[in-house]
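Reproduced below: run.txt, with compact mmCIF, C-alpha atoms and all ligand atoms.
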```
# COMPACT_ATOMS: atom_id res chain seq x y z
CA MET A 1 0.00 0.00 0.00
CA ASN A 2 1.24 3.50 -0.79
CA LYS A 3 1.65 5.16 2.60
CA ASN A 4 0.93 8.56 1.05
CA LEU A 5 -2.60 7.49 0.16
CA ARG A 6 -3.64 6.34 3.59
CA ILE A 7 -6.92 7.84 4.69
CA ALA A 8 -7.68 8.38 8.37
CA LEU A 9 -10.99 9.32 9.95
CA VAL A 10 -10.48 10.87 13.40
CA THR A 11 -13.18 11.50 15.99
CA GLY A 12 -12.42 13.78 18.93
CA ALA A 13 -10.07 15.61 16.59
CA THR A 14 -10.84 18.97 18.18
CA GLY A 15 -9.71 17.70 21.59
CA PHE A 16 -6.31 17.87 23.26
CA ILE A 17 -5.02 14.47 22.16
CA GLY A 18 -7.00 14.31 18.92
CA SER A 19 -5.59 17.56 17.63
CA HIS A 20 -2.02 16.42 18.32
CA LEU A 21 -2.79 13.11 16.63
CA VAL A 22 -4.12 14.91 13.55
CA LEU A 23 -0.84 16.84 13.25
CA ARG A 24 1.19 13.65 13.63
CA LEU A 25 -0.90 11.79 11.03
CA MET A 26 -0.52 14.64 8.54
CA ARG A 27 3.25 14.67 9.05
CA ALA A 28 3.30 10.92 8.43
CA GLY A 29 1.58 11.46 5.08
CA TRP A 30 -1.97 10.46 5.93
CA GLN A 31 -4.92 12.22 4.40
CA VAL A 32 -6.88 13.23 7.49
CA HIS A 33 -10.64 13.57 7.75
CA ILE A 34 -12.18 14.70 11.02
CA VAL A 35 -15.65 14.30 12.46
CA ARG A 36 -16.88 17.26 14.40
CA ARG A 37 -20.15 18.46 15.81
CA ALA A 38 -21.92 21.55 14.53
CA ASN A 39 -21.00 23.37 17.75
CA SER A 40 -17.43 22.07 18.06
CA ARG A 41 -14.86 24.60 19.07
CA ILE A 42 -12.22 25.28 16.45
CA ALA A 43 -9.23 22.98 16.74
CA TYR A 44 -6.13 24.65 18.12
CA ALA A 45 -3.16 22.48 17.18
CA TYR A 46 -3.69 22.55 13.40
CA GLU A 47 -5.43 24.60 10.73
CA LEU A 48 -8.90 23.36 9.82
CA SER A 49 -7.97 24.04 6.20
CA ASP A 50 -5.34 21.28 6.45
CA VAL A 51 -7.91 18.57 7.09
CA LYS A 52 -11.17 17.50 5.53
CA THR A 53 -13.92 18.35 7.97
CA HIS A 54 -17.19 16.46 8.27
CA THR A 55 -19.97 17.62 10.53
CA HIS A 56 -21.98 14.86 12.16
CA ASP A 57 -25.69 15.68 12.41
CA GLY A 58 -26.15 13.37 15.40
CA THR A 59 -28.00 10.63 13.54
CA THR A 60 -26.95 7.09 12.64
CA GLU A 61 -27.94 7.73 9.01
CA GLY A 62 -25.77 10.84 9.02
CA MET A 63 -22.81 8.84 10.33
CA ILE A 64 -23.34 6.17 7.67
CA ARG A 65 -23.28 8.84 4.95
CA LEU A 66 -20.21 10.45 6.48
CA VAL A 67 -18.16 7.24 6.73
CA GLY A 68 -19.28 6.24 3.22
CA ASP A 69 -18.01 9.56 1.85
CA VAL A 70 -14.61 9.17 3.53
CA GLN A 71 -13.94 5.42 3.08
CA PRO A 72 -11.12 5.47 5.65
CA GLU A 73 -8.54 2.73 5.96
CA VAL A 74 -8.33 3.29 9.69
CA VAL A 75 -10.78 4.98 12.03
CA PHE A 76 -9.23 6.63 15.10
CA HIS A 77 -11.94 7.00 17.72
CA LEU A 78 -11.06 9.52 20.43
CA ALA A 79 -14.31 11.45 20.92
CA SER A 80 -15.48 11.31 24.49
CA LEU A 81 -16.97 13.29 27.31
CA PHE A 82 -14.76 13.13 30.41
CA LEU A 83 -16.28 13.86 33.81
CA SER A 84 -14.38 12.85 36.93
CA GLN A 85 -17.65 12.90 38.86
CA HIS A 86 -21.15 13.16 37.48
CA GLU A 87 -24.52 14.62 38.43
CA ALA A 88 -27.87 13.10 37.46
CA SER A 89 -28.15 15.71 34.71
CA ASP A 90 -24.91 14.41 33.10
CA VAL A 91 -26.14 10.87 32.43
CA GLU A 92 -27.61 11.53 28.99
CA ARG A 93 -24.66 13.44 27.60
CA LEU A 94 -22.19 10.87 28.98
CA VAL A 95 -24.05 8.05 27.25
CA ALA A 96 -24.57 10.15 24.10
CA SER A 97 -20.86 10.96 23.73
CA ASN A 98 -19.27 7.78 25.02
CA VAL A 99 -21.71 5.09 23.93
CA LEU A 100 -24.26 6.24 21.33
CA PHE A 101 -21.86 8.24 19.15
CA GLY A 102 -19.38 5.34 19.08
CA ASN A 103 -22.12 2.83 18.28
CA GLN A 104 -23.21 4.98 15.34
CA LEU A 105 -19.61 4.94 14.16
CA LEU A 106 -19.35 1.14 14.45
CA GLU A 107 -22.61 0.65 12.58
CA ALA A 108 -21.43 2.96 9.80
CA MET A 109 -18.15 1.04 9.56
CA LYS A 110 -20.10 -2.22 9.31
CA VAL A 111 -22.35 -0.88 6.54
CA HIS A 112 -19.35 0.18 4.44
CA GLY A 113 -17.06 -2.78 5.24
CA ILE A 114 -14.52 -0.53 6.97
CA ASN A 115 -12.86 -2.88 9.42
CA ARG A 116 -9.92 -1.24 11.17
CA LEU A 117 -10.45 0.77 14.33
CA ILE A 118 -8.19 2.29 16.94
CA ASN A 119 -10.35 2.99 19.96
CA THR A 120 -9.55 4.97 23.12
CA GLY A 121 -10.10 3.64 26.61
CA THR A 122 -8.85 4.69 29.99
CA SER A 123 -6.72 3.15 32.74
CA TRP A 124 -9.65 4.17 34.98
CA GLN A 125 -11.48 1.05 33.75
CA HIS A 126 -9.03 -0.81 36.03
CA TYR A 127 -9.37 0.65 39.51
CA GLU A 128 -6.95 -1.06 41.92
CA ASN A 129 -5.45 -2.97 39.00
CA LYS A 130 -8.55 -5.13 38.57
CA ALA A 131 -9.57 -6.73 35.27
CA TYR A 132 -12.58 -4.43 35.28
CA SER A 133 -13.48 -1.95 37.97
CA PRO A 134 -14.56 1.49 36.81
CA VAL A 135 -13.38 4.45 38.82
CA ASN A 136 -16.43 6.46 37.80
CA LEU A 137 -19.37 6.52 35.39
CA TYR A 138 -17.15 7.91 32.61
CA ALA A 139 -14.94 4.78 32.87
CA ALA A 140 -18.05 2.58 32.94
CA THR A 141 -19.28 4.16 29.68
CA LYS A 142 -15.89 3.38 28.10
CA GLN A 143 -16.38 -0.26 29.11
CA ALA A 144 -19.95 -0.21 27.78
CA PHE A 145 -18.61 0.90 24.42
CA GLU A 146 -16.08 -1.95 24.46
CA SER A 147 -18.96 -4.39 24.99
CA LEU A 148 -20.67 -3.02 21.89
CA LEU A 149 -17.38 -3.18 20.02
CA HIS A 150 -17.07 -6.86 20.99
CA TYR A 151 -20.26 -7.59 19.06
CA TYR A 152 -19.02 -5.87 15.89
CA VAL A 153 -15.67 -7.68 16.18
CA GLU A 154 -17.23 -11.12 16.55
CA ALA A 155 -20.20 -10.75 14.23
CA HIS A 156 -18.83 -8.43 11.54
CA GLY A 157 -15.08 -9.04 11.41
CA LEU A 158 -13.99 -5.68 12.79
CA ARG A 159 -10.35 -5.56 13.90
CA ALA A 160 -9.78 -3.21 16.74
CA ILE A 161 -7.14 -2.02 19.15
CA THR A 162 -8.17 -0.14 22.26
CA LEU A 163 -5.46 2.10 23.66
CA LYS A 164 -6.05 2.69 27.34
CA LEU A 165 -4.57 6.03 28.29
CA SER A 166 -3.47 7.18 31.70
CA ASP A 167 -2.73 10.81 32.56
CA THR A 168 -1.44 12.94 29.72
CA TYR A 169 0.26 16.32 29.47
CA GLY A 170 1.91 18.52 26.88
CA PRO A 171 1.76 21.85 25.07
CA GLN A 172 -1.51 23.57 24.22
CA ASP A 173 -3.41 21.68 26.88
CA PRO A 174 -6.60 23.63 27.63
CA ARG A 175 -7.78 21.28 30.38
CA PRO A 176 -7.67 22.34 34.04
CA LYS A 177 -5.46 19.36 34.89
CA LEU A 178 -2.43 19.00 37.16
CA MET A 179 0.23 20.78 35.05
CA ASN A 180 -1.99 23.80 34.39
CA LEU A 181 -2.98 23.92 38.04
CA LEU A 182 0.67 23.96 39.12
CA LYS A 183 1.49 26.64 36.54
CA ARG A 184 -1.29 28.81 37.93
CA VAL A 185 -0.06 28.34 41.51
CA ALA A 186 3.51 29.11 40.42
CA GLU A 187 2.31 32.32 38.79
CA ASP A 188 -0.09 33.67 41.41
CA MET A 189 1.39 31.95 44.53
CA GLN A 190 -2.11 31.62 45.99
CA PRO A 191 -2.41 28.69 48.44
CA LEU A 192 -3.87 25.52 46.94
CA ALA A 193 -5.47 22.76 49.00
CA MET A 194 -4.54 19.33 47.67
CA SER A 195 -5.00 15.76 48.84
CA PRO A 196 -2.18 14.20 50.93
CA GLY A 197 -0.50 13.55 47.55
CA GLU A 198 0.55 9.94 47.96
CA GLN A 199 -1.15 8.67 44.83
CA TRP A 200 1.02 7.28 42.04
CA ILE A 201 0.37 8.96 38.70
CA ASP A 202 1.40 7.77 35.25
CA LEU A 203 2.02 10.81 33.06
CA VAL A 204 2.57 10.34 29.32
CA HIS A 205 3.48 13.22 27.03
CA VAL A 206 0.97 13.91 24.26
CA ASP A 207 3.65 13.38 21.57
CA ASP A 208 4.19 9.86 22.90
CA VAL A 209 0.43 9.29 23.01
CA ALA A 210 0.08 10.40 19.39
CA GLN A 211 2.88 8.03 18.41
CA ALA A 212 1.03 5.18 20.16
CA TYR A 213 -1.91 5.70 17.76
CA LEU A 214 0.43 5.51 14.76
CA THR A 215 2.08 2.37 16.10
CA ALA A 216 -1.35 0.83 16.70
CA ALA A 217 -2.42 1.80 13.18
CA GLU A 218 0.61 0.02 11.70
CA ARG A 219 -0.30 -3.03 13.76
CA VAL A 220 -3.89 -3.11 12.59
CA LEU A 221 -2.87 -2.41 8.98
CA ALA A 222 -0.43 -5.35 9.09
CA ASP A 223 -3.51 -7.53 9.54
CA THR A 224 -1.98 -9.40 12.47
CA VAL A 225 -4.76 -8.21 14.74
CA GLN A 226 -7.54 -10.74 15.00
CA GLY A 227 -10.48 -9.44 16.95
CA HIS A 228 -9.97 -6.86 19.66
CA GLU A 229 -6.68 -6.15 21.41
CA CYS A 230 -6.31 -3.82 24.40
CA TYR A 231 -3.09 -2.14 25.45
CA ALA A 232 -1.89 0.33 28.01
CA VAL A 233 -0.21 3.54 26.91
CA SER A 234 1.90 3.90 30.02
CA SER A 235 5.13 5.71 30.85
CA GLY A 236 6.20 2.64 32.84
CA GLN A 237 7.52 5.13 35.41
CA PRO A 238 4.73 6.23 37.72
CA ILE A 239 5.57 8.99 40.13
CA GLN A 240 3.94 10.05 43.39
CA LEU A 241 2.08 13.32 43.17
CA ARG A 242 4.20 14.88 45.92
CA GLU A 243 7.40 13.89 44.11
CA MET A 244 6.13 15.37 40.87
CA VAL A 245 5.45 18.68 42.65
CA ARG A 246 8.98 18.49 44.12
CA LEU A 247 10.32 18.25 40.56
CA VAL A 248 8.41 21.41 39.64
CA GLU A 249 9.65 23.19 42.74
CA GLY A 250 13.21 22.16 41.88
CA VAL A 251 12.90 23.80 38.45
CA LEU A 252 11.28 26.93 39.89
CA GLY A 253 13.82 27.13 42.71
CA ARG A 254 11.12 27.78 45.28
CA SER A 255 8.36 26.03 47.20
CA LEU A 256 4.78 26.22 46.04
CA PRO A 257 2.07 27.16 48.58
CA ILE A 258 0.39 23.77 48.48
CA LYS A 259 -1.55 22.65 51.54
CA TRP A 260 -1.01 18.90 51.45
CA GLY A 261 -4.00 17.16 52.99
CA GLY A 262 -6.04 20.37 52.69
CA ARG A 263 -8.64 18.28 50.93
CA ALA A 264 -9.47 14.61 51.41
CA TYR A 265 -8.88 11.95 48.78
CA ARG A 266 -11.88 11.57 46.49
CA ASN A 267 -14.18 8.59 46.66
CA ARG A 268 -12.32 5.93 44.60
CA GLU A 269 -9.23 8.13 44.24
CA VAL A 270 -6.76 6.28 42.00
CA MET A 271 -3.83 5.54 44.32
CA GLN A 272 -1.82 3.19 42.11
CA ALA A 273 -1.11 3.24 38.40
CA TRP A 274 -2.68 0.49 36.27
CA GLU A 275 -0.12 -2.08 35.12
CA GLY A 276 -1.65 -3.21 31.83
CA THR A 277 0.24 -4.76 28.92
CA VAL A 278 1.91 -1.96 27.03
CA LEU A 279 1.34 -1.57 23.28
CA PRO A 280 3.96 -3.72 21.48
CA GLY A 281 6.52 -1.73 19.52
CA TRP A 282 5.90 1.45 21.48
CA SER A 283 7.47 3.01 24.54
CA ALA A 284 7.33 6.48 26.01
CA GLN A 285 10.26 8.60 24.82
CA VAL A 286 9.63 11.98 26.41
CA ASN A 287 11.28 12.44 29.78
CA LEU A 288 9.00 13.92 32.43
CA ALA A 289 11.73 15.79 34.32
CA GLN A 290 13.00 17.41 31.09
CA SER A 291 9.46 18.35 30.06
CA ILE A 292 8.83 19.99 33.42
CA GLN A 293 12.08 21.90 32.96
CA THR A 294 10.85 23.22 29.60
CA MET A 295 7.30 23.95 30.73
CA PHE A 296 8.16 25.73 33.96
CA THR A 297 11.31 27.70 33.11
CA ASP A 298 9.40 29.93 30.67
CA LEU A 299 6.78 31.02 33.19
CA ASN A 300 6.31 34.67 33.88
CA LEU A 301 6.93 34.55 37.64
CA ARG A 302 6.42 37.34 40.11
N1 LIG A 401 -6.40 13.27 28.35
C1 LIG A 401 -6.22 12.25 29.18
O1 LIG A 401 -5.42 12.34 30.11
C2 LIG A 401 -6.98 10.97 28.93
C3 LIG A 401 -6.82 9.92 29.83
C4 LIG A 401 -7.50 8.73 29.57
C5 LIG A 401 -8.29 8.61 28.44
N2 LIG A 401 -8.44 9.67 27.61
C6 LIG A 401 -9.30 9.53 26.42
O2 LIG A 401 -8.60 10.06 25.30
C7 LIG A 401 -9.53 10.63 24.37
C8 LIG A 401 -9.11 12.06 24.06
O3 LIG A 401 -9.06 12.78 25.28
P1 LIG A 401 -8.82 14.36 25.30
O4 LIG A 401 -8.28 14.69 26.65
O5 LIG A 401 -8.09 14.78 24.07
O6 LIG A 401 -10.33 14.87 25.22
P2 LIG A 401 -10.90 16.37 25.06
O7 LIG A 401 -9.81 17.37 24.90
O8 LIG A 401 -11.89 16.55 26.17
O9 LIG A 401 -11.70 16.26 23.69
C9 LIG A 401 -12.83 15.47 23.57
C10 LIG A 401 -13.20 15.38 22.11
O10 LIG A 401 -14.35 14.53 21.98
C11 LIG A 401 -15.31 15.21 21.18
N3 LIG A 401 -16.66 14.80 21.54
C12 LIG A 401 -17.19 14.72 22.77
N4 LIG A 401 -18.46 14.31 22.68
C13 LIG A 401 -18.74 14.14 21.38
C14 LIG A 401 -19.89 13.73 20.66
N5 LIG A 401 -21.04 13.42 21.28
N6 LIG A 401 -19.82 13.69 19.31
C15 LIG A 401 -18.67 14.01 18.69
N7 LIG A 401 -17.55 14.41 19.30
C16 LIG A 401 -17.59 14.47 20.63
C17 LIG A 401 -15.05 16.68 21.43
O11 LIG A 401 -15.58 17.41 20.36
P3 LIG A 401 -16.20 18.89 20.50
O12 LIG A 401 -15.18 19.82 19.90
O13 LIG A 401 -17.43 18.84 19.68
O14 LIG A 401 -16.47 19.14 21.96
C18 LIG A 401 -13.53 16.71 21.47
O15 LIG A 401 -13.01 16.72 20.17
C19 LIG A 401 -10.89 10.50 25.02
O16 LIG A 401 -11.51 9.33 24.53
C20 LIG A 401 -10.59 10.34 26.49
O17 LIG A 401 -11.61 9.65 27.18
C21 LIG A 401 -7.82 10.84 27.84
```
Please go through the file and, once you have read it, give me the structure as structure tokens.
Ligand SMILES: NC(=O)c1ccc[n+]([C@@H]2O[C@H](COP(=O)([O-])OP(=O)(O)OC[C@H]3O[C@@H](n4cnc5c(N)ncnc54)[C@H](OP(=O)(O)O)[C@@H]3O)[C@@H](O)[C@H]2O)c1
Amino acid sequence: MNKNLRIALVTGATGFIGSHLVLRLMRAGWQVHIVRRANSRIAYAYELSDVKTHTHDGTTEGMIRLVGDVQPEVVFHLASLFLSQHEASDVERLVASNVLFGNQLLEAMKVHGINRLINTGTSWQHYENKAYSPVNLYAATKQAFESLLHYYVEAHGLRAITLKLSDTYGPQDPRPKLMNLLKRVAEDMQPLAMSPGEQWIDLVHVDDVAQAYLTAAERVLADTVQGHECYAVSSGQPIQLREMVRLVEGVLGRSLPIKWGGRAYRNREVMQAWEGTVLPGWSAQVNLAQSIQTMFTDLNLR
């Protein structure tokens, strides 16, 4: 197959990881098509003019038309709604984003005989390193989608790899996650109440995550994947939250006003990193300490 003619369809392409993946796919010579919603925010890591954009109207018929127009060799499914905790009013949108949307995609792939999928799961499907124990409803919806996927794999010959991601970080991250929180504290030096900080976190740089999708795509294109394979995208070097903050403080050359134990651990706080089988042929390359050095030396500190 001519690598330059490979066609990718990416969902969640306006998100943090999806937008980095789109860039990486383009650089690797893929023709990239993205699925977005009518009200999607504009992607920030690439120009929309560089990709072929398809707006999903929310219906299964619309998804079938869309996938038929694109005829992708590989579908990269990243779209998801993440909520660490949910309210009753979140149930419908969690199921709509994490189950219904994905099912529409699988059905459309079946209709058009498109049979290679890279799906996105989460290490939070494996609370306390169990085979299946969801940390929260978000993780349970990821598992629900995998159950649906199982049907399409067995009954319709889909070949799929689910990449289960842990924590991620990197440039142009709009999410209010750990790195951005620490940057804010470093800049305004306002006290921040945190948990006791003894949890082990597994941080993978977004460039490494994007590479994992490409490695998985090569694997599924080589036709060695029979059925559904699941792999961890793990740094292999978990670090305790307190130690990670110490690294940041070392780069900044000063202590941060963090009140350790100022808030309790959450219900089902993830204390240990999931030790799943890592994607063959892939390993994390970006060094966390060096990344922290880069990210925190450029801050505009008072
Ligand atoms: N980031 C992490 O640390 C992490 C950890 C574990 C797993 N993951 C998984 O990795 C994937 C990417 O994560 P991320 O952090 O890049 O997510 P993100 O920045 O929150 O982006 C989510 C993406 O999903 C799209 N989306 C949500 N609901 C949709 C729907 N109903 N229909 C179509 N598109 C929809 C959003 O599109 P709009 O522009 O329309 O909102 C957006 O492009 C997700 O599957 C997530 O669960 C991430």
**Request:** Figure out the distance between CA of Ala186 (chain A) and CA of Glu249 (chain A), please, to one decimal in Å.
**Result:**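 CA of Ala186 (chain A) lies 8.8 Å from CA of Glu249 (chain A).
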Which residues of chain A come within 8 Å of ligand LIG 401 (chain A), and for each one, what is the closest pair of atoms and their distance in Å to one decimal, counting all atoms listed in the file, sorted by chain and residue number, as a Markdown table?
```
| residue | atom | partner | partner_atom | distance |
| --- | --- | --- | --- | --- |
| A:Thr11 | CA | A:LIG401 | N7 | 6.2 |
| A:Gly12 | CA | A:LIG401 | O15 | 3.2 |
| A:Ala13 | CA | A:LIG401 | O15 | 4.8 |
| A:Thr14 | CA | A:LIG401 | O15 | 3.7 |
| A:Gly15 | CA | A:LIG401 | O9 | 3.2 |
| A:Phe16 | CA | A:LIG401 | O5 | 3.7 |
| A:Ile17 | CA | A:LIG401 | O5 | 3.6 |
| A:Gly18 | CA | A:LIG401 | O5 | 5.3 |
| A:Ser19 | CA | A:LIG401 | O5 | 7.4 |
| A:Val35 | CA | A:LIG401 | C15 | 6.9 |
| A:Arg36 | CA | A:LIG401 | O13 | 5.5 |
| A:Arg37 | CA | A:LIG401 | O13 | 4.7 |
| A:Ala38 | CA | A:LIG401 | O13 | 7.4 |
| A:Asn39 | CA | A:LIG401 | O13 | 6.1 |
| A:Ser40 | CA | A:LIG401 | O13 | 3.6 |
| A:Arg41 | CA | A:LIG401 | O12 | 4.9 |
| A:Ile42 | CA | A:LIG401 | O12 | 7.1 |
| A:Ala43 | CA | A:LIG401 | O12 | 7.4 |
| A:His56 | CA | A:LIG401 | C15 | 7.4 |
| A:Gly58 | CA | A:LIG401 | N6 | 7.4 |
| A:His77 | CA | A:LIG401 | O16 | 7.2 |
| A:Leu78 | CA | A:LIG401 | O16 | 4.1 |
| A:Ala79 | CA | A:LIG401 | O10 | 3.3 |
| A:Ser80 | CA | A:LIG401 | C12 | 4.2 |
| A:Leu81 | CA | A:LIG401 | C12 | 4.8 |
| A:Phe82 | CA | A:LIG401 | O17 | 5.7 |
| A:Arg93 | CA | A:LIG401 | N5 | 7.3 |
| A:Ala96 | CA | A:LIG401 | N5 | 5.6 |
| A:Ser97 | CA | A:LIG401 | N5 | 3.5 |
| A:Asn98 | CA | A:LIG401 | N4 | 7.0 |
| A:Leu100 | CA | A:LIG401 | N5 | 7.9 |
| A:Phe101 | CA | A:LIG401 | N5 | 5.7 |
| A:Asn119 | CA | A:LIG401 | O16 | 7.9 |
| A:Thr120 | CA | A:LIG401 | O16 | 5.0 |
| A:Gly121 | CA | A:LIG401 | C5 | 5.6 |
| A:Thr122 | CA | A:LIG401 | C5 | 4.3 |
| A:Ser123 | CA | A:LIG401 | C4 | 6.5 |
| A:Trp124 | CA | A:LIG401 | C4 | 7.4 |
| A:Tyr138 | CA | A:LIG401 | O17 | 8.0 |
| A:Lys142 | CA | A:LIG401 | O17 | 7.6 |
| A:Lys164 | CA | A:LIG401 | C5 | 6.4 |
| A:Leu165 | CA | A:LIG401 | C4 | 4.2 |
| A:Ser166 | CA | A:LIG401 | C3 | 4.7 |
| A:Asp167 | CA | A:LIG401 | O1 | 3.9 |
| A:Thr168 | CA | A:LIG401 | O1 | 4.0 |
| A:Tyr169 | CA | A:LIG401 | O1 | 7.0 |
| A:Asp173 | CA | A:LIG401 | O7 | 8.0 |
| A:Pro174 | CA | A:LIG401 | O7 | 7.5 |
| A:Arg175 | CA | A:LIG401 | O7 | 7.0 |
```
Considering all atoms listed in the file, return as a JSON list (two decimals) with C-alpha atoms, keeping the file's coordinate frame whatever protein or nucleic-acid residues lie within 7 Å of Leu158 (chain A), sequence-local ones (same chain, fewer than 4 positions apart) excluded.
```json
[["chain", "number", "residue", "atom", "x", "y", "z"],
["A", 115, "ASN", "CA", -12.86, -2.88, 9.42],
["A", 116, "ARG", "CA", -9.92, -1.24, 11.17],
["A", 152, "TYR", "CA", -19.02, -5.87, 15.89],
["A", 153, "VAL", "CA", -15.67, -7.68, 16.18],
["A", 227, "GLY", "CA", -10.48, -9.44, 16.95]]
```
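As for CA of Gln125 (chain A) and CA of Val99 (chain A), they are spaced 14.7 Å apart.
Closest approach to Gln143 (chain A) among A:Cys230, A:Val204, A:Thr277, A:Gln104: A:Cys230, based on all atoms listed in the file.
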**Request:** Give the answer as one residue: which of A:Ala210, A:Ala144, A:Ala216, A:Leu48 has the shortest atom-to-atom distance to Ile161 (chain A), using all atoms listed in the file?
**Result:**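 Looking at the shortest contact to Ile161 (chain A), the residue is A:Ala216.
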**Message:** Just the number, please: distance in Å from CA of Gly262 (chain A) to CA of Glu198 (chain A), one decimal.
**Reply:** 13.2 Å
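Comparing A:Val209, A:Leu181, A:Leu241, A:Leu163 by their smallest distance to Pro196 (chain A), the closest is A:Leu241 (using only C-alpha atoms).
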